[in-house]
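Raw input.cif, mmCIF, C-alpha atoms:
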```
data_work
#
loop_
_atom_site.label_atom_id
_atom_site.label_comp_id
_atom_site.auth_asym_id
_atom_site.auth_seq_id
_atom_site.Cartn_x
_atom_site.Cartn_y
_atom_site.Cartn_z
CA MET Q 1 0.00 0.00 0.00
CA ILE Q 2 2.30 2.74 -1.26
CA PHE Q 3 -0.51 5.30 -1.36
CA GLY Q 4 -1.73 4.51 2.13
CA ASN Q 5 1.80 4.89 3.37
CA PHE Q 6 2.15 8.22 1.52
CA PHE Q 7 -0.96 9.68 3.15
CA HIS Q 8 0.03 8.31 6.52
CA LYS Q 9 3.37 10.13 6.23
CA MET Q 10 1.69 13.30 4.94
CA ALA Q 11 -0.09 13.48 8.29
CA SER Q 12 3.28 13.77 10.04
CA PRO Q 13 4.17 17.50 10.23
CA PRO Q 14 8.00 17.27 10.01
CA TRP Q 15 7.80 14.88 7.08
CA PHE Q 16 5.23 17.08 5.33
CA TYR Q 17 7.28 20.22 5.89
CA ARG Q 18 10.47 18.69 4.52
CA VAL Q 19 8.97 16.94 1.48
CA SER Q 20 6.60 19.79 0.53
CA GLY Q 21 9.57 22.16 0.49
CA LYS Q 22 11.22 19.95 -2.12
CA MET Q 23 8.01 19.66 -4.16
CA LEU Q 24 7.32 23.41 -4.37
CA PRO Q 25 9.58 24.30 -7.35
CA TRP Q 26 8.23 21.36 -9.36
CA PHE Q 27 4.64 22.49 -8.95
CA GLY Q 28 5.58 26.09 -9.75
CA GLY Q 29 7.58 25.04 -12.82
CA ALA Q 30 4.93 22.69 -14.18
CA PHE Q 31 2.31 25.40 -13.67
CA ALA Q 32 4.43 27.96 -15.58
CA LEU Q 33 4.98 25.59 -18.52
CA LEU Q 34 1.32 24.64 -18.81
CA LEU Q 35 0.32 28.29 -18.46
CA LEU Q 36 2.56 29.31 -21.38
CA TRP Q 37 1.18 26.48 -23.51
CA GLY Q 38 -2.41 27.36 -22.59
CA LEU Q 39 -1.94 31.09 -23.24
CA TYR Q 40 -0.26 30.48 -26.59
CA GLY Q 41 -3.03 28.10 -27.65
CA GLY Q 42 -5.84 30.25 -26.31
CA LEU Q 43 -4.74 33.72 -27.32
CA TYR Q 44 -2.93 32.94 -30.58
CA LEU Q 45 -3.62 29.50 -32.08
CA ALA Q 46 -7.35 29.15 -31.40
CA PRO Q 47 -9.56 30.68 -34.12
CA ALA Q 48 -11.95 33.51 -33.23
CA ASP Q 49 -15.47 32.37 -32.34
CA TYR Q 50 -17.96 32.69 -35.23
CA GLN Q 51 -20.49 34.45 -32.98
CA GLN Q 52 -18.45 36.12 -30.23
CA GLY Q 53 -15.29 37.03 -32.16
CA ASP Q 54 -12.17 37.36 -30.03
CA SER Q 55 -14.12 38.17 -26.84
CA PHE Q 56 -14.60 34.41 -26.34
CA ARG Q 57 -10.90 34.18 -25.40
CA ILE Q 58 -11.91 35.29 -21.91
CA ILE Q 59 -13.10 31.67 -21.60
CA TYR Q 60 -9.50 30.56 -20.92
CA VAL Q 61 -9.42 32.32 -17.57
CA HIS Q 62 -13.13 32.42 -16.80
CA VAL Q 63 -14.05 28.74 -17.12
CA PRO Q 64 -10.94 27.22 -15.48
CA ALA Q 65 -11.32 29.73 -12.61
CA ALA Q 66 -14.99 28.79 -12.22
CA TRP Q 67 -14.15 25.07 -12.27
CA MET Q 68 -11.49 25.63 -9.61
CA SER Q 69 -13.92 27.62 -7.45
CA LEU Q 70 -16.14 24.52 -7.28
CA PHE Q 71 -13.30 21.98 -7.09
CA ILE Q 72 -11.62 23.72 -4.14
CA TYR Q 73 -14.88 24.07 -2.24
CA VAL Q 74 -15.58 20.34 -2.60
CA ALA Q 75 -12.00 19.63 -1.49
CA MET Q 76 -12.63 21.80 1.59
CA ALA Q 77 -15.86 19.96 2.39
CA VAL Q 78 -14.06 16.59 2.09
CA CYS Q 79 -11.37 17.90 4.46
CA GLY Q 80 -14.14 19.06 6.78
CA VAL Q 81 -15.57 15.53 6.96
CA ILE Q 82 -12.09 14.02 7.50
CA SER Q 83 -11.24 16.49 10.26
CA LEU Q 84 -14.58 16.00 12.05
CA VAL Q 85 -14.69 12.21 11.79
CA TRP Q 86 -11.05 11.15 12.07
CA ARG Q 87 -9.61 14.26 13.74
CA ILE Q 88 -6.70 14.35 11.29
CA LYS Q 89 -4.88 17.64 11.81
CA MET Q 90 -3.58 17.85 8.24
CA ALA Q 91 -7.19 17.95 6.99
CA GLU Q 92 -7.74 21.11 9.09
CA VAL Q 93 -4.57 22.59 7.63
CA VAL Q 94 -5.58 21.82 4.03
CA LEU Q 95 -9.11 23.15 4.62
CA ILE Q 96 -8.08 26.54 5.95
CA SER Q 97 -5.14 26.88 3.53
CA SER Q 98 -7.47 26.23 0.57
CA ALA Q 99 -9.97 28.96 1.44
CA PRO Q 100 -8.02 32.05 0.21
CA ILE Q 101 -7.11 30.30 -3.06
CA GLY Q 102 -10.72 29.26 -3.61
CA ALA Q 103 -11.90 32.79 -2.84
CA ALA Q 104 -9.39 34.17 -5.39
CA PHE Q 105 -10.63 31.82 -8.13
CA THR Q 106 -14.27 32.61 -7.31
CA PHE Q 107 -13.54 36.34 -7.49
CA LEU Q 108 -11.78 35.82 -10.84
CA ALA Q 109 -14.69 33.78 -12.21
CA LEU Q 110 -17.12 36.56 -11.25
CA ALA Q 111 -14.93 39.45 -12.46
CA THR Q 112 -13.94 37.90 -15.79
CA GLY Q 113 -17.57 36.84 -16.26
CA SER Q 114 -18.54 40.47 -15.84
CA LEU Q 115 -15.90 41.56 -18.34
CA TRP Q 116 -17.25 38.99 -20.78
CA GLY Q 117 -20.90 39.77 -20.08
CA LYS Q 118 -20.59 43.46 -20.82
CA PRO Q 119 -19.71 43.15 -24.53
CA MET Q 120 -21.83 40.00 -25.10
CA TRP Q 121 -24.98 40.59 -23.02
CA GLY Q 122 -24.73 44.38 -22.71
CA THR Q 123 -24.60 44.23 -18.91
CA TRP Q 124 -21.94 43.70 -16.25
CA TRP Q 125 -24.24 41.84 -13.90
CA VAL Q 126 -27.63 40.15 -13.73
CA TRP Q 127 -29.25 38.55 -10.67
CA ASP Q 128 -29.83 35.15 -12.24
CA GLY Q 129 -29.25 31.67 -10.83
CA ARG Q 130 -25.68 31.13 -12.05
CA LEU Q 131 -24.26 34.52 -11.10
CA THR Q 132 -26.07 34.75 -7.77
CA SER Q 133 -25.09 31.24 -6.64
CA GLU Q 134 -21.45 31.89 -7.61
CA LEU Q 135 -21.55 35.12 -5.58
CA ILE Q 136 -22.87 33.11 -2.62
CA LEU Q 137 -19.90 30.78 -3.09
CA LEU Q 138 -17.57 33.77 -2.71
CA PHE Q 139 -19.36 34.71 0.54
CA LEU Q 140 -18.99 31.10 1.75
CA TYR Q 141 -15.23 31.24 1.17
CA LEU Q 142 -14.98 34.62 2.92
CA GLY Q 143 -17.16 33.22 5.70
CA VAL Q 144 -14.78 30.29 6.25
CA ILE Q 145 -11.79 32.69 6.41
CA ALA Q 146 -13.56 35.12 8.76
CA LEU Q 147 -14.93 32.38 11.03
CA HIS Q 148 -11.50 30.79 11.36
CA GLY Q 149 -9.96 34.16 12.21
CA ALA Q 150 -12.66 35.06 14.71
CA ILE Q 151 -12.38 31.99 16.96
CA GLU Q 152 -9.39 32.00 19.29
CA ASP Q 153 -9.42 28.33 20.31
CA ARG Q 154 -7.86 26.25 17.52
CA GLN Q 155 -10.01 23.16 18.03
CA THR Q 156 -13.28 25.10 18.12
CA ALA Q 157 -12.22 27.09 15.05
CA ALA Q 158 -11.36 23.92 13.13
CA ARG Q 159 -14.70 22.34 14.01
CA ALA Q 160 -16.66 25.48 13.09
CA VAL Q 161 -15.06 25.91 9.66
CA ALA Q 162 -15.42 22.17 8.96
CA ILE Q 163 -19.16 22.43 9.58
CA LEU Q 164 -19.49 25.59 7.47
CA ALA Q 165 -17.55 23.95 4.62
CA ILE Q 166 -19.75 20.85 4.74
CA VAL Q 167 -23.05 22.76 4.95
CA GLY Q 168 -22.02 25.15 2.17
CA VAL Q 169 -21.29 22.34 -0.25
CA VAL Q 170 -25.02 22.16 -1.14
CA ASN Q 171 -24.37 25.32 -3.14
CA VAL Q 172 -22.02 23.45 -5.51
CA PRO Q 173 -24.66 21.39 -7.38
CA ILE Q 174 -26.91 24.47 -7.37
CA ILE Q 175 -24.21 26.41 -9.24
CA HIS Q 176 -23.63 23.53 -11.65
CA TYR Q 177 -27.29 22.99 -12.56
CA SER Q 178 -28.36 26.63 -12.28
CA VAL Q 179 -28.12 27.18 -16.05
CA GLU Q 180 -30.54 24.30 -16.62
CA TRP Q 181 -32.99 25.01 -13.78
CA TRP Q 182 -33.54 28.72 -14.29
CA SER Q 183 -33.71 30.88 -17.38
CA THR Q 184 -30.54 32.87 -17.60
CA LEU Q 185 -28.31 34.99 -19.79
CA HIS Q 186 -25.44 32.61 -19.00
CA GLN Q 187 -24.81 30.08 -21.75
CA GLY Q 188 -25.40 26.39 -21.08
CA PRO Q 189 -22.65 23.82 -20.64
CA THR Q 190 -20.26 23.71 -23.59
CA VAL Q 191 -17.67 21.17 -22.54
CA THR Q 192 -19.29 18.71 -20.14
CA LYS Q 193 -22.14 17.62 -22.38
CA LEU Q 194 -22.32 13.85 -22.32
CA ASP Q 195 -22.75 13.23 -26.06
CA LYS Q 196 -20.28 15.58 -27.68
CA PRO Q 197 -18.80 18.86 -26.49
CA SER Q 198 -19.96 21.71 -28.77
CA ILE Q 199 -16.55 23.33 -29.00
CA HIS Q 200 -13.87 23.01 -31.67
CA VAL Q 201 -10.84 20.94 -30.70
CA ASP Q 202 -8.40 23.87 -31.27
CA MET Q 203 -10.48 25.86 -28.79
CA LEU Q 204 -10.91 22.94 -26.39
CA ILE Q 205 -7.25 21.91 -25.95
CA PRO Q 206 -6.06 25.28 -24.52
CA LEU Q 207 -9.07 25.23 -22.20
CA LEU Q 208 -8.12 21.83 -20.79
CA VAL Q 209 -4.46 22.87 -20.56
CA MET Q 210 -5.42 26.01 -18.62
CA ALA Q 211 -7.67 23.94 -16.35
CA LEU Q 212 -4.73 21.63 -15.57
CA ALA Q 213 -2.44 24.65 -15.06
CA PHE Q 214 -4.89 26.11 -12.51
CA LYS Q 215 -5.03 22.73 -10.72
CA LEU Q 216 -1.23 22.82 -10.37
CA TYR Q 217 -1.41 26.43 -9.22
CA TYR Q 218 -3.82 25.34 -6.49
CA ALA Q 219 -1.46 22.54 -5.41
CA TRP Q 220 1.45 24.98 -5.42
CA GLY Q 221 -0.33 27.72 -3.45
CA LEU Q 222 -1.86 25.15 -1.09
CA LEU Q 223 1.58 23.73 -0.21
CA ILE Q 224 2.99 27.21 0.44
CA ARG Q 225 0.12 28.15 2.76
CA ALA Q 226 -0.05 24.73 4.43
CA ARG Q 227 3.69 24.94 5.28
CA SER Q 228 3.10 28.24 7.08
CA GLU Q 229 0.13 26.82 8.94
CA VAL Q 230 2.07 23.69 9.98
CA LEU Q 231 5.04 25.75 11.15
CA GLU Q 232 2.75 28.00 13.19
CA ARG Q 233 0.97 25.06 14.86
CA GLU Q 234 4.24 23.23 15.56
CA ARG Q 235 6.28 26.25 16.63
CA ASN Q 236 6.94 24.79 20.09
CA SER Q 237 7.89 21.30 18.93
CA LYS Q 238 11.37 19.88 18.84
CA TRP Q 239 11.60 19.41 15.08
CA VAL Q 240 10.97 23.12 14.43
CA ARG Q 241 13.63 24.01 16.98
CA ASP Q 242 16.04 21.58 15.32
CA LEU Q 243 15.23 23.06 11.93
CA LEU Q 244 15.47 26.78 12.73
CA GLY Q 245 17.40 26.98 15.99
CA GLU Q 246 21.17 27.45 16.31
CA PRO Q 247 23.10 24.18 16.01
CA MET C 1 -1.27 39.06 -37.90
CA SER C 2 0.36 42.28 -36.67
CA LEU C 3 0.97 43.06 -33.02
CA ALA C 4 -1.58 45.89 -33.14
CA GLU C 5 -4.20 43.48 -34.54
CA PHE C 6 -3.34 40.95 -31.84
CA LEU C 7 -3.68 43.56 -29.07
CA ASN C 8 -6.92 44.87 -30.54
CA MET C 9 -8.57 41.41 -30.24
CA GLY C 10 -11.13 42.22 -32.93
CA GLY C 11 -12.30 45.28 -30.96
CA TYR C 12 -12.63 43.40 -27.66
CA GLY C 13 -9.08 44.18 -26.47
CA VAL C 14 -10.19 46.14 -23.40
CA TYR C 15 -12.31 43.27 -22.08
CA VAL C 16 -9.90 40.46 -22.98
CA TRP C 17 -6.78 42.14 -21.62
CA SER C 18 -8.42 43.39 -18.44
CA SER C 19 -9.53 39.80 -17.78
CA TYR C 20 -6.02 38.43 -18.27
CA GLY C 21 -4.41 41.33 -16.40
CA LEU C 22 -6.74 40.91 -13.43
CA ALA C 23 -6.07 37.16 -13.38
CA ALA C 24 -2.32 37.81 -13.43
CA VAL C 25 -2.51 40.26 -10.50
CA VAL C 26 -4.69 37.98 -8.37
CA LEU C 27 -2.69 34.80 -9.09
CA ILE C 28 0.69 36.46 -8.49
CA ALA C 29 -0.47 38.13 -5.26
CA ASN C 30 -1.79 34.79 -4.02
CA ILE C 31 1.72 33.32 -4.25
CA VAL C 32 3.89 36.33 -3.31
CA ILE C 33 1.98 37.25 -0.13
CA PRO C 34 2.06 33.78 1.52
CA VAL C 35 5.71 33.23 0.46
CA GLN C 36 6.64 36.55 2.09
CA ARG C 37 4.65 35.68 5.21
CA HIS C 38 6.37 32.30 5.46
CA ARG C 39 9.78 33.97 5.20
CA LEU C 40 8.94 36.44 7.99
CA GLN C 41 7.55 33.62 10.09
CA ARG C 42 10.80 31.63 9.80
CA ALA C 43 12.87 34.72 10.66
CA ARG C 44 10.67 35.37 13.71
CA LEU C 45 11.07 31.78 14.94
CA ARG C 46 14.86 31.92 14.39
CA ARG C 47 15.03 35.10 16.47
CA ARG C 48 12.97 33.54 19.22
CA PHE C 49 15.14 30.41 19.42
CA ARG C 50 18.30 32.53 19.47
CA GLN C 51 16.98 34.70 22.30
CA GLU C 52 15.97 31.63 24.31
CA GLN C 53 19.48 30.27 23.91
CA THR C 54 21.26 33.43 25.08
CA THR C 55 18.89 34.08 28.00
CA PRO C 56 18.07 30.66 29.49
#
```

So that I can check it, write out the structure of this file as C-alpha cells.
Amino acid sequence: MIFGNFFHKMASPPWFYRVSGKMLPWFGGAFALLLLWGLYGGLYLAPADYQQGDSFRIIYVHVPAAWMSLFIYVAMAVCGVISLVWRIKMAEVVLISSAPIGAAFTFLALATGSLWGKPMWGTWWVWDGRLTSELILLFLYLGVIALHGAIEDRQTAARAVAILAIVGVVNVPIIHYSVEWWSTLHQGPTVTKLDKPSIHVDMLIPLLVMALAFKLYYAWGLLIRARSEVLERERNSKWVRDLLGEP
Amino acid sequence: MSLAEFLNMGGYGVYVWSSYGLAAVVLIANIVIPVQRHRLQRARLRRRFRQEQTTP
C-alpha cells in the first residue's frame, strides 16, 4: 500500500514540511509551462469564435477559474468531513489553507464573467441563478476565512469551519445545474455535455491545458500556505527548533 | 497578424486584456503574499530560538 503509506506520512508534520519544500519548485515550474502552452493556444492558435469574435478568449481564464472555485470548495468539504470524523490535523490545515485560493478563483470567475458579459450581453451583472449562486460561493469562502480568524481556540475554530464547509457544499450542485434550472443569460454547458462537447478541438485543448495549469497552481499555493500553517501550529515542537534553531 | 491586430482582439481588447491582467494580478499576489509571510515567520522563529538560547 504505497498510497496509504504516503498519506500516513503526509499526516506527520516534520515529514510534510520537509517533502513539501522539495516539491514546491516542481509544482511552480509545471504550472508555468502549462500556463505558457495554454496562453499560446488560447490567445494565438485558437480561431476567433464565429459568434463572439475574439471576446470568447476570456473563456480561458473564466471557465478554469470557475471550475477551480467549485473543485476547491468540494476539497474543503471533504477535508471538513475528515477532520470532524477522524480528527486528522492535516485535513484542518488543508481546509483553511485552501480557502483564500478558492476565494481568489471565485472572485476571478465573477470578475472575468462580468468583463465577458458586458460586450456579449450588454450588462456587467444580472441577478440570475448562475451569477447569484457563484456570488454566494464567494461569501462562503470569505465566511470560512472570517470564522477561522474570529475563533481563538484552535479546536473550536477547526470544528466550526469544517461544519461551514460541509453545509455550504449544497451550493455546488446548485451552481452547476443553475443554467438548466432557471432561465438565464449565461450560456449552457459547452464542454461537459455527455454526447459531444460543442466546441472546436483547437479551442478545447487550450481550455483543458489552462484547467490543468490552474489545478497545479492550487497545489502549489496550497503547499505554500499549508507549510506556514504547519510551522505555526508546531512552533513549540522539537523538530521546528532543530530546523530553525542554532546548532 | 500584426501586433496591433493581436492587441486589438477584434475590438474586444479592453475586455480580454483586463480579464487576463486581473487574473495575473490575483494569481501572483496569491503566491507572493504567503511566500513573504512564510519567510517572515521563519525569521521570527529563528530570532525567538536565538533569544531563548542566550537568556536561558

Point to revise | Shell of 10 Å around Met9 in chain C, all atoms listed in the file, local chain residues under 5 positions omitted, as a ChimeraX atom specification | key: /Q:43,48,53-55,57 /C:4,14-17

Practice item. Could you list the residues chosen by the PyMOL selection byres ((chain Q) within 10 of (chain C)) in this structure as a PyMOL selection string? Key: chain Q and resi 28+39+43-44+48+52-62+65+100-101+104-105+107-109+111-119+214+217-218+220-222+224-229+231-232+235-236+240-246

Exercise for review: Would you work out the distance separating CA of Tyr141 in chain Q from CA of Pro173 in chain Q, expressed in Å to one decimal?
Suggested key: 16.1 Å

Practice item. Would you list the contacts of Lys89 in chain Q as a list in words, taking every protein, DNA or RNA residue within 12 Å and counting all atoms listed in the file, but skipping same-chain residues closer than 3 positions in sequence? Key: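 Near Lys89 in chain Q, the qualifying residues are His8, Met10, Ala11, Ser12, Pro13, Cys79, Gly80, Val81, Ile82, Ser83, Leu84, Val85, Trp86, Glu92, Val93, Val94, Leu95, Ile96, Arg154, Gln155, Ala158, Arg159, Ala162, Ala226, Glu229, Val230, Arg233 and Glu234 of chain Q.
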
**Study point:** Two-atom distance - CA of His200 in chain Q, CA of Thr106 in chain Q (Å)
**Key:** 26.2 Å

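Of the listed residues Q:Met210, Q:Ala165, Q:Trp15, Q:Ala103, the one whose atoms come nearest to Pro64 in chain Q is Q:Met210, with distances taken using all atoms listed in the file.
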
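Our summary of the geometry notes that CA of Ala46 in chain Q is positioned 5.4 Å from CA of Asp202 in chain Q.
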
Review point. Could you write out as a ChimeraX atom specification the residues that the PyMOL selection byres ((chain Q and resi 129) around 10) matches in the shown file?
Key: /Q:126-128,130-135,174-186

Centre and edge lengths, as AutoDock Vina command-line options, for the axis-aligned box enclosing every listed atom of range 16-23 of chain C with 3 Å of padding on each of the six sides, in Å to one decimal?
```
--center_x -7.2 --center_y 40.3 --center_z -18.2 --size_x 11.5 --size_y 12.2 --size_z 15.6
```
